[in-house]
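Visitor: Just structure.pdb, nothing more (PDB, C-alpha atoms):
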```pdb
ATOM      1  CA  MET A  23     -24.088 -47.000  26.573
ATOM      2  CA  LEU A  24     -26.535 -49.371  24.890
ATOM      3  CA  ILE A  25     -29.591 -50.143  27.029
ATOM      4  CA  GLY A  26     -32.222 -52.702  26.098
ATOM      5  CA  ALA A  27     -34.056 -55.884  26.999
ATOM      6  CA  HIS A  28     -34.441 -59.592  26.438
ATOM      7  CA  VAL A  29     -37.405 -59.974  24.084
ATOM      8  CA  ARG A  30     -39.548 -62.628  22.470
ATOM      9  CA  GLU A  31     -37.780 -64.009  19.447
ATOM     10  CA  ASP A  32     -40.789 -63.857  17.091
ATOM     11  CA  ASP A  33     -40.602 -60.079  16.467
ATOM     12  CA  PRO A  34     -37.542 -58.522  18.128
ATOM     13  CA  VAL A  35     -37.658 -55.478  15.862
ATOM     14  CA  ALA A  36     -41.108 -54.464  17.110
ATOM     15  CA  SER A  37     -40.145 -55.366  20.678
ATOM     16  CA  ALA A  38     -37.165 -53.008  20.522
ATOM     17  CA  THR A  39     -39.403 -50.145  19.439
ATOM     18  CA  GLU A  40     -41.967 -50.866  22.162
ATOM     19  CA  ARG A  41     -39.272 -50.790  24.847
ATOM     20  CA  GLY A  42     -37.195 -47.921  23.492
ATOM     21  CA  ALA A  43     -34.278 -50.351  23.347
ATOM     22  CA  ASP A  44     -30.859 -49.774  21.772
ATOM     23  CA  ILE A  45     -30.067 -53.496  22.116
ATOM     24  CA  VAL A  46     -32.156 -56.658  22.262
ATOM     25  CA  GLN A  47     -31.277 -60.096  23.540
ATOM     26  CA  MET A  48     -33.089 -63.107  22.154
ATOM     27  CA  PHE A  49     -33.143 -66.868  21.860
ATOM     28  CA  LEU A  50     -32.889 -68.362  18.393
ATOM     29  CA  ALA A  51     -34.661 -71.604  19.338
ATOM     30  CA  ASP A  52     -36.428 -73.292  22.242
ATOM     31  CA  PRO A  53     -34.323 -72.438  25.329
ATOM     32  CA  GLN A  54     -35.083 -75.889  26.735
ATOM     33  CA  GLY A  55     -34.383 -77.746  23.495
ATOM     34  CA  TRP A  56     -31.465 -79.234  21.609
ATOM     35  CA  LYS A  57     -32.432 -78.335  18.036
ATOM     36  CA  LYS A  58     -30.250 -76.348  15.657
ATOM     37  CA  PRO A  59     -31.698 -72.824  15.345
ATOM     38  CA  PRO A  60     -33.490 -72.053  12.076
ATOM     39  CA  THR A  61     -32.705 -68.918  10.093
ATOM     40  CA  HIS A  62     -34.523 -66.054  11.780
ATOM     41  CA  PRO A  63     -37.144 -64.371   9.530
ATOM     42  CA  GLN A  64     -35.833 -60.923  10.545
ATOM     43  CA  ALA A  65     -32.155 -61.882  10.200
ATOM     44  CA  GLU A  66     -31.315 -59.324   7.528
ATOM     45  CA  GLU A  67     -33.258 -56.538   9.230
ATOM     46  CA  LEU A  68     -31.520 -57.281  12.536
ATOM     47  CA  ARG A  69     -28.098 -57.579  10.920
ATOM     48  CA  THR A  70     -28.370 -54.278   9.058
ATOM     49  CA  GLY A  71     -30.551 -52.293  11.467
ATOM     50  CA  ASP A  72     -29.710 -49.743  14.140
ATOM     51  CA  VAL A  73     -30.571 -51.960  17.119
ATOM     52  CA  ALA A  74     -27.708 -54.072  18.488
ATOM     53  CA  VAL A  75     -28.368 -57.763  19.096
ATOM     54  CA  VAL A  76     -27.053 -60.362  21.512
ATOM     55  CA  VAL A  77     -28.125 -64.015  21.523
ATOM     56  CA  HIS A  78     -28.596 -66.226  24.574
ATOM     57  CA  SER A  79     -27.782 -69.914  24.193
ATOM     58  CA  PRO A  80     -30.328 -72.515  25.385
ATOM     59  CA  TYR A  81     -30.467 -73.248  29.103
ATOM     60  CA  VAL A  82     -29.797 -76.946  28.506
ATOM     61  CA  VAL A  83     -26.182 -76.243  27.500
ATOM     62  CA  ASN A  84     -23.644 -77.538  30.037
ATOM     63  CA  LEU A  85     -20.122 -77.479  28.645
ATOM     64  CA  ALA A  86     -18.653 -78.514  31.994
ATOM     65  CA  SER A  87     -20.633 -81.747  32.320
ATOM     66  CA  THR A  88     -18.836 -85.050  32.717
ATOM     67  CA  ASN A  89     -21.816 -86.765  31.059
ATOM     68  CA  ASN A  90     -21.011 -87.304  27.380
ATOM     69  CA  ARG A  91     -24.711 -87.254  26.504
ATOM     70  CA  ILE A  92     -24.919 -83.676  27.789
ATOM     71  CA  ARG A  93     -21.441 -82.262  27.107
ATOM     72  CA  ILE A  94     -21.064 -83.366  23.485
ATOM     73  CA  PRO A  95     -24.501 -82.085  22.332
ATOM     74  CA  SER A  96     -23.807 -78.878  24.293
ATOM     75  CA  ARG A  97     -20.649 -78.273  22.273
ATOM     76  CA  LYS A  98     -22.521 -78.769  19.014
ATOM     77  CA  LEU A  99     -25.356 -76.499  20.128
ATOM     78  CA  VAL A 100     -23.041 -73.643  21.110
ATOM     79  CA  VAL A 101     -21.296 -73.739  17.726
ATOM     80  CA  GLN A 102     -24.662 -73.787  15.933
ATOM     81  CA  HIS A 103     -26.070 -70.931  17.971
ATOM     82  CA  ALA A 104     -22.920 -68.872  17.444
ATOM     83  CA  GLU A 105     -23.419 -69.332  13.692
ATOM     84  CA  GLY A 106     -27.065 -68.313  14.053
ATOM     85  CA  ALA A 107     -26.015 -65.313  16.131
ATOM     86  CA  ALA A 108     -23.705 -64.187  13.340
ATOM     87  CA  GLU A 109     -26.628 -64.343  10.900
ATOM     88  CA  VAL A 110     -28.544 -61.757  12.952
ATOM     89  CA  GLY A 111     -25.443 -59.591  13.468
ATOM     90  CA  ALA A 112     -25.116 -60.323  17.183
ATOM     91  CA  ILE A 113     -22.265 -58.922  19.243
ATOM     92  CA  GLY A 114     -21.950 -62.200  21.122
ATOM     93  CA  LEU A 115     -23.500 -65.425  22.399
ATOM     94  CA  VAL A 116     -24.209 -65.686  26.134
ATOM     95  CA  VAL A 117     -23.432 -69.107  27.630
ATOM     96  CA  HIS A 118     -23.939 -70.135  31.259
ATOM     97  CA  GLY A 119     -20.933 -71.595  33.055
ATOM     98  CA  GLY A 120     -22.597 -74.929  33.722
ATOM     99  CA  HIS A 121     -21.779 -77.334  36.518
ATOM    100  CA  VAL A 122     -20.521 -80.746  37.520
ATOM    101  CA  THR A 123     -22.090 -83.124  40.049
ATOM    102  CA  ALA A 124     -21.193 -83.790  43.668
ATOM    103  CA  LYS A 125     -19.152 -86.864  42.749
ATOM    104  CA  ASP A 126     -17.053 -84.993  40.167
ATOM    105  CA  ASP A 127     -13.834 -83.062  40.570
ATOM    106  CA  PRO A 128     -14.622 -79.443  39.563
ATOM    107  CA  ALA A 129     -11.258 -79.352  37.804
ATOM    108  CA  VAL A 130     -12.704 -81.780  35.252
ATOM    109  CA  GLY A 131     -15.467 -79.285  34.464
ATOM    110  CA  VAL A 132     -12.886 -76.558  33.960
ATOM    111  CA  ASP A 133     -10.876 -78.823  31.679
ATOM    112  CA  ASN A 134     -13.987 -79.687  29.669
ATOM    113  CA  TRP A 135     -14.515 -75.980  29.012
ATOM    114  CA  ARG A 136     -10.839 -75.576  28.066
ATOM    115  CA  LYS A 137     -10.937 -78.505  25.655
ATOM    116  CA  PHE A 138     -14.015 -77.133  23.913
ATOM    117  CA  ILE A 139     -12.681 -73.612  23.568
ATOM    118  CA  THR A 140      -9.219 -74.677  22.384
ATOM    119  CA  ARG A 141     -10.608 -77.239  19.930
ATOM    120  CA  GLN A 142     -12.908 -74.652  18.399
ATOM    121  CA  GLU A 143     -10.051 -72.157  18.161
ATOM    122  CA  ASP A 144      -8.046 -74.767  16.266
ATOM    123  CA  GLU A 145     -10.988 -75.087  13.855
ATOM    124  CA  GLY A 146     -11.169 -71.349  13.155
ATOM    125  CA  GLY A 147     -12.935 -70.016  16.225
ATOM    126  CA  PHE A 148     -16.556 -69.091  16.858
ATOM    127  CA  ALA A 149     -18.760 -67.113  14.493
ATOM    128  CA  VAL A 150     -19.312 -64.525  17.279
ATOM    129  CA  PRO A 151     -17.616 -64.038  20.666
ATOM    130  CA  ILE A 152     -18.720 -66.278  23.530
ATOM    131  CA  PHE A 153     -19.819 -64.394  26.674
ATOM    132  CA  LEU A 154     -19.527 -66.526  29.809
ATOM    133  CA  GLU A 155     -22.290 -65.655  32.307
ATOM    134  CA  ASN A 156     -22.126 -65.990  36.092
ATOM    135  CA  THR A 157     -24.836 -68.105  37.683
ATOM    136  CA  ALA A 158     -26.966 -67.818  40.823
ATOM    137  CA  GLY A 159     -26.938 -71.253  42.409
ATOM    138  CA  GLY A 160     -25.412 -74.697  42.451
ATOM    139  CA  ASP A 161     -22.714 -75.927  44.823
ATOM    140  CA  PHE A 162     -20.724 -77.331  41.920
ATOM    141  CA  ALA A 163     -21.224 -74.498  39.423
ATOM    142  CA  MET A 164     -18.357 -73.243  37.284
ATOM    143  CA  ALA A 165     -19.216 -69.531  37.518
ATOM    144  CA  ARG A 166     -21.188 -68.911  40.699
ATOM    145  CA  HIS A 167     -18.432 -68.113  43.188
ATOM    146  CA  LEU A 168     -15.517 -65.844  42.349
ATOM    147  CA  ASP A 169     -12.881 -68.436  43.207
ATOM    148  CA  ALA A 170     -14.515 -70.870  40.783
ATOM    149  CA  LEU A 171     -14.724 -68.152  38.125
ATOM    150  CA  ASP A 172     -11.042 -67.438  38.662
ATOM    151  CA  ARG A 173     -10.121 -71.088  37.997
ATOM    152  CA  LEU A 174     -12.287 -71.239  34.898
ATOM    153  CA  TRP A 175     -11.020 -67.928  33.544
ATOM    154  CA  ASP A 176      -7.420 -69.066  33.956
ATOM    155  CA  ALA A 177      -8.257 -71.901  31.568
ATOM    156  CA  ILE A 178     -10.269 -70.050  28.918
ATOM    157  CA  GLY A 179      -9.764 -66.309  29.311
ATOM    158  CA  GLY A 180      -6.845 -66.213  26.921
ATOM    159  CA  PHE A 181      -8.974 -67.304  23.973
ATOM    160  CA  GLY A 182     -11.054 -64.170  23.448
ATOM    161  CA  VAL A 183     -13.947 -65.240  25.665
ATOM    162  CA  GLY A 184     -16.014 -62.333  26.988
ATOM    163  CA  PHE A 185     -17.936 -61.995  30.243
ATOM    164  CA  CYS A 186     -21.591 -61.270  31.023
ATOM    165  CA  LEU A 187     -22.349 -60.065  34.560
ATOM    166  CA  ASP A 188     -25.865 -60.835  35.787
ATOM    167  CA  THR A 189     -26.757 -58.725  38.832
ATOM    168  CA  CYS A 190     -29.541 -60.979  40.126
ATOM    169  CA  HIS A 191     -27.255 -64.002  39.829
ATOM    170  CA  ALA A 192     -24.410 -62.219  41.622
ATOM    171  CA  PHE A 193     -26.705 -61.026  44.436
ATOM    172  CA  ALA A 194     -28.254 -64.489  44.807
ATOM    173  CA  ALA A 195     -24.789 -66.044  44.886
ATOM    174  CA  GLY A 196     -23.827 -63.807  47.808
ATOM    175  CA  HIS A 197     -21.707 -61.159  46.087
ATOM    176  CA  ASP A 198     -21.999 -57.557  47.300
ATOM    177  CA  LEU A 199     -22.977 -55.471  44.270
ATOM    178  CA  VAL A 200     -21.137 -52.462  45.683
ATOM    179  CA  ASP A 201     -17.797 -53.854  44.524
ATOM    180  CA  VAL A 202     -18.718 -56.810  42.329
ATOM    181  CA  VAL A 203     -17.639 -55.071  39.121
ATOM    182  CA  ASP A 204     -14.169 -54.420  40.514
ATOM    183  CA  LYS A 205     -13.870 -57.999  41.767
ATOM    184  CA  VAL A 206     -15.014 -59.501  38.474
ATOM    185  CA  LYS A 207     -12.729 -57.264  36.427
ATOM    186  CA  ALA A 208      -9.815 -58.219  38.671
ATOM    187  CA  ILE A 209     -10.369 -61.778  37.426
ATOM    188  CA  THR A 210     -11.525 -61.307  33.845
ATOM    189  CA  GLY A 211     -10.158 -57.889  32.938
ATOM    190  CA  ARG A 212     -13.426 -57.199  31.147
ATOM    191  CA  ILE A 213     -17.201 -57.073  31.243
ATOM    192  CA  ASP A 214     -18.787 -57.250  27.799
ATOM    193  CA  LEU A 215     -22.469 -57.284  28.783
ATOM    194  CA  VAL A 216     -24.584 -56.660  31.879
ATOM    195  CA  HIS A 217     -27.802 -58.504  32.601
ATOM    196  CA  LEU A 218     -29.373 -55.852  34.811
ATOM    197  CA  ASN A 219     -31.983 -57.651  36.911
ATOM    198  CA  ASN A 220     -33.381 -57.054  40.357
ATOM    199  CA  SER A 221     -34.093 -60.084  42.567
ATOM    200  CA  ARG A 222     -37.332 -61.367  44.038
ATOM    201  CA  ASP A 223     -35.338 -63.159  46.759
ATOM    202  CA  GLU A 224     -32.963 -62.174  49.517
ATOM    203  CA  PHE A 225     -29.194 -61.805  49.336
ATOM    204  CA  GLY A 226     -27.368 -65.140  49.091
ATOM    205  CA  SER A 227     -30.566 -67.092  48.411
ATOM    206  CA  GLY A 228     -29.151 -69.014  45.453
ATOM    207  CA  GLN A 229     -32.483 -68.400  43.699
ATOM    208  CA  ASP A 230     -32.629 -67.081  40.138
ATOM    209  CA  ARG A 231     -35.906 -65.147  40.140
ATOM    210  CA  HIS A 232     -35.773 -61.773  38.416
ATOM    211  CA  ALA A 233     -37.727 -58.647  39.287
ATOM    212  CA  ASN A 234     -38.085 -55.306  37.526
ATOM    213  CA  VAL A 235     -35.405 -52.772  38.325
ATOM    214  CA  THR A 236     -37.312 -50.840  41.017
ATOM    215  CA  ASP A 237     -39.363 -53.753  42.382
ATOM    216  CA  GLY A 238     -37.010 -56.263  44.012
ATOM    217  CA  THR A 239     -34.771 -56.695  47.031
ATOM    218  CA  ILE A 240     -31.750 -54.951  45.484
ATOM    219  CA  PRO A 241     -31.686 -51.156  45.944
ATOM    220  CA  PRO A 242     -32.174 -49.691  42.454
ATOM    221  CA  GLU A 243     -29.319 -47.233  42.965
ATOM    222  CA  GLN A 244     -26.951 -50.207  43.349
ATOM    223  CA  LEU A 245     -28.088 -51.534  39.990
ATOM    224  CA  VAL A 246     -27.515 -48.161  38.359
ATOM    225  CA  ALA A 247     -24.047 -48.030  39.909
ATOM    226  CA  VAL A 248     -23.200 -51.467  38.485
ATOM    227  CA  CYS A 249     -24.135 -50.259  35.009
ATOM    228  CA  ALA A 250     -22.011 -47.153  35.352
ATOM    229  CA  ALA A 251     -19.003 -49.070  36.676
ATOM    230  CA  ALA A 252     -19.210 -51.851  34.101
ATOM    231  CA  GLY A 253     -19.342 -49.520  31.113
ATOM    232  CA  ALA A 254     -20.862 -52.254  28.939
ATOM    233  CA  PRO A 255     -24.137 -52.755  27.046
ATOM    234  CA  VAL A 256     -27.035 -53.385  29.433
ATOM    235  CA  VAL A 257     -29.899 -55.824  28.907
ATOM    236  CA  VAL A 258     -32.779 -56.217  31.367
ATOM    237  CA  GLU A 259     -34.205 -59.738  31.647
ATOM    238  CA  THR A 260     -37.070 -58.527  33.785
ATOM    239  CA  PRO A 261     -40.825 -59.200  33.556
ATOM    240  CA  ALA A 262     -41.934 -58.004  30.110
ATOM    241  CA  GLU A 263     -44.706 -55.655  31.245
ATOM    242  CA  GLY A 264     -42.169 -53.484  33.079
ATOM    243  CA  GLN A 265     -39.282 -53.535  30.632
ATOM    244  CA  ALA A 266     -40.054 -50.233  28.920
ATOM    245  CA  ASP A 267     -40.099 -48.539  32.339
ATOM    246  CA  ASP A 268     -36.855 -50.314  33.287
ATOM    247  CA  VAL A 269     -35.112 -49.081  30.140
ATOM    248  CA  ALA A 270     -36.393 -45.520  30.649
ATOM    249  CA  TYR A 271     -35.392 -45.538  34.330
ATOM    250  CA  LEU A 272     -31.833 -46.620  33.545
ATOM    251  CA  ARG A 273     -31.463 -44.241  30.636
ATOM    252  CA  GLU A 274     -32.545 -41.282  32.782
ATOM    253  CA  ARG A 275     -30.267 -42.100  35.688
ATOM    254  CA  LEU A 276     -27.282 -42.911  33.522
ATOM    255  CA  GLY A 277     -27.693 -39.751  31.488
ATOM    256  CA  GLN A 278     -28.264 -41.664  28.284
TER     257      GLN A 278
END
```
Just give me the structure of the file as structure tokens.

Guide:
Amino acid sequence: MLIGAHVREDDPVASATERGADIVQMFLADPQGWKKPPTHPQAEELRTGDVAVVVHSPYVVNLASTNNRIRIPSRKLVVQHAEGAAEVGAIGLVVHGGHVTAKDDPAVGVDNWRKFITRQEDEGGFAVPIFLENTAGGDFAMARHLDALDRLWDAIGGFGVGFCLDTCHAFAAGHDLVDVVDKVKAITGRIDLVHLNNSRDEFGSGQDRHANVTDGTIPPEQLVAVCAAAGAPVVVETPAEGQADDVAYLRERLGQ
């Protein structure tokens, strides 16, 4: 099992060494921006090195949006970041499920995802697999609640899309971590990546505030159990000063 961390994008190779990471997650550009990612200066070293890589798309991406000024640039950005992810040898590109607004029919958001995925498949697919990630909050989110995830997966799951399970997001959304892996796999049939984060807030809070593995409101043994059940690469998106300890803690308890 690969265990690692989300790191600063300026020197992921050094960050991996500092954390004892088998895998690093990184942004390729400003996570709050709309610019095409530049070629990463360590692209060849990452692509040919021993550390696995996964890329996270910018937070501004919302493929479900009914607003053309958001949805259309989001589509372009995901394609560009998938191409950039391929340049660094990434195993996939993590994309949040996005949301619609209170006045929208959620089915339109699902259909917007379907249109994007099917159109890109018709054009030859993505440069790396897309990993849909569950989200913590939002009443009109596409991938917060399991029933919403089920509807979205029915529309896009047949096109090779993968799934990223975030433990803080699931806990904040009100999902019991004891059986969340089984419930997610019953819908998706797969988990391709785990974002292994504790939570600073209480169960069902809807708040996306991460804590180090042994520091938050989720019992650490539940987090370890999620990793073991998922059987997928694990990335901690926890406060940087504790990431090396998080990686070591998980590796020891998972027998890695």

Visitor: Determine the residue membership of the PyMOL selection byres ((chain A and resi 116) around 10) for the file above and supply it as a list in words.

Guide: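 Applying the expression gives Gln47, Phe49, Val76, Val77, His78, Ser79, Pro80, Val100, His103, Ala104, Ile113, Gly114, Leu115, Val117, His118, Gly119, Pro151, Ile152, Phe153, Leu154, Glu155, Gly184, Phe185, Cys186 and Leu215 of chain A.
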
Visitor: Taking the file as shown, find all residues satisfying the PyMOL selection byres ((chain A and resi 177) around 8) and write them as a compact mmCIF listing (two decimals) with C-alpha atoms, in the coordinates of the input.

Guide:
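Dumped everything to selection-v4.txt:
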```txt
# COMPACT_ATOMS: atom_id res chain seq x y z
CA VAL A 132 -12.89 -76.56 33.96
CA ASP A 133 -10.88 -78.82 31.68
CA TRP A 135 -14.52 -75.98 29.01
CA ARG A 136 -10.84 -75.58 28.07
CA ARG A 173 -10.12 -71.09 38.00
CA LEU A 174 -12.29 -71.24 34.90
CA TRP A 175 -11.02 -67.93 33.54
CA ASP A 176 -7.42 -69.07 33.96
CA ILE A 178 -10.27 -70.05 28.92
CA GLY A 179 -9.76 -66.31 29.31
CA GLY A 180 -6.84 -66.21 26.92
```

Visitor: Give me the residues within 7 Å of Phe225 (chain A) as an MDAnalysis selection string, counting only C-alpha atoms and dropping any in the same chain fewer than 6 places off.

Guide: chainID A and resid 193:194 196

Visitor: Translate the PyMOL selection byres ((chain A and resi 121) around 7) into a concrete residue list for this structure, as a PyMOL selection string.

Guide: chain A and resi 84+86-87+119-120+122-123+131+162-164

Visitor: As JSON, what would the box around region 107-122 of chain A look like: edges along x, y and z, 6 Å added on every side, centre and edge lengths in Å to one decimal?

Guide:
```
{"center_x": -24.5, "center_y": -69.8, "center_z": 24.2, "size_x": 20.0, "size_y": 33.8, "size_z": 38.6}
```

Visitor: One number please: CA of Ala38 (chain A) to CA of Val83 (chain A), in Å, one decimal.

Guide: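 Calculated distance between CA of Ala38 (chain A) and CA of Val83 (chain A) is 26.6 Å.
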
Visitor: Do a neighbour search on Arg97 (chain A) at 9 Å with only C-alpha atoms, toss out local chain neighbours closer than 4 positions, and write the hits as a list in words.

Guide: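 Once the nearby chain positions are removed, what remains is Val83, Asn84, Leu85, Ile92, Arg93, Val101, Gln102 and Phe138 of chain A.
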
Visitor: Dump as CSV the rows for residues of region 99-207 of chain A within 10 Å of region 246-254 of chain A: closest atom pair and distance in Å with one decimal, all atoms listed in the file counted, ordered by chain and rising residue number.

Guide:
```
residue,atom,partner,partner_atom,distance
A:Cys186,CA,A:Ala254,CA,9.3
A:Leu187,CA,A:Ala252,CA,8.8
A:Thr189,CA,A:Val248,CA,8.1
A:Leu199,CA,A:Val248,CA,7.0
A:Val200,CA,A:Val248,CA,7.6
A:Asp201,CA,A:Val248,CA,8.4
A:Val202,CA,A:Val248,CA,8.0
A:Val203,CA,A:Ala252,CA,6.2
A:Asp204,CA,A:Ala251,CA,8.2
A:Val206,CA,A:Ala252,CA,9.8
A:Lys207,CA,A:Ala252,CA,8.8
```

Visitor: To one decimal place in Å, what is the distance between CA of Val258 (chain A) and CA of Pro95 (chain A)?

Guide: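 The value is 28.6 Å.
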
Visitor: For a test of reading the model, state the distance in Å between CA of Asp72 (chain A) and CA of Ala36 (chain A), rounded to one decimal.

Guide: 12.7 Å

Visitor: Could you check the closest approach to Thr157 (chain A) for each of A:Glu145, A:Asp169, A:Asp230, A:Glu109 and tell me which residue wins, using only C-alpha atoms?

Guide: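 Checking each of A:Glu145, A:Asp169, A:Asp230, A:Glu109 against Thr157 (chain A), counting only C-alpha atoms, the winner is A:Asp230.
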
Visitor: Counting all atoms listed in the file, figure out which residue out of A:Val130, A:Ala270, A:Asp214, A:Ala107 gets nearest to His62 (chain A).

Guide: A:Ala107
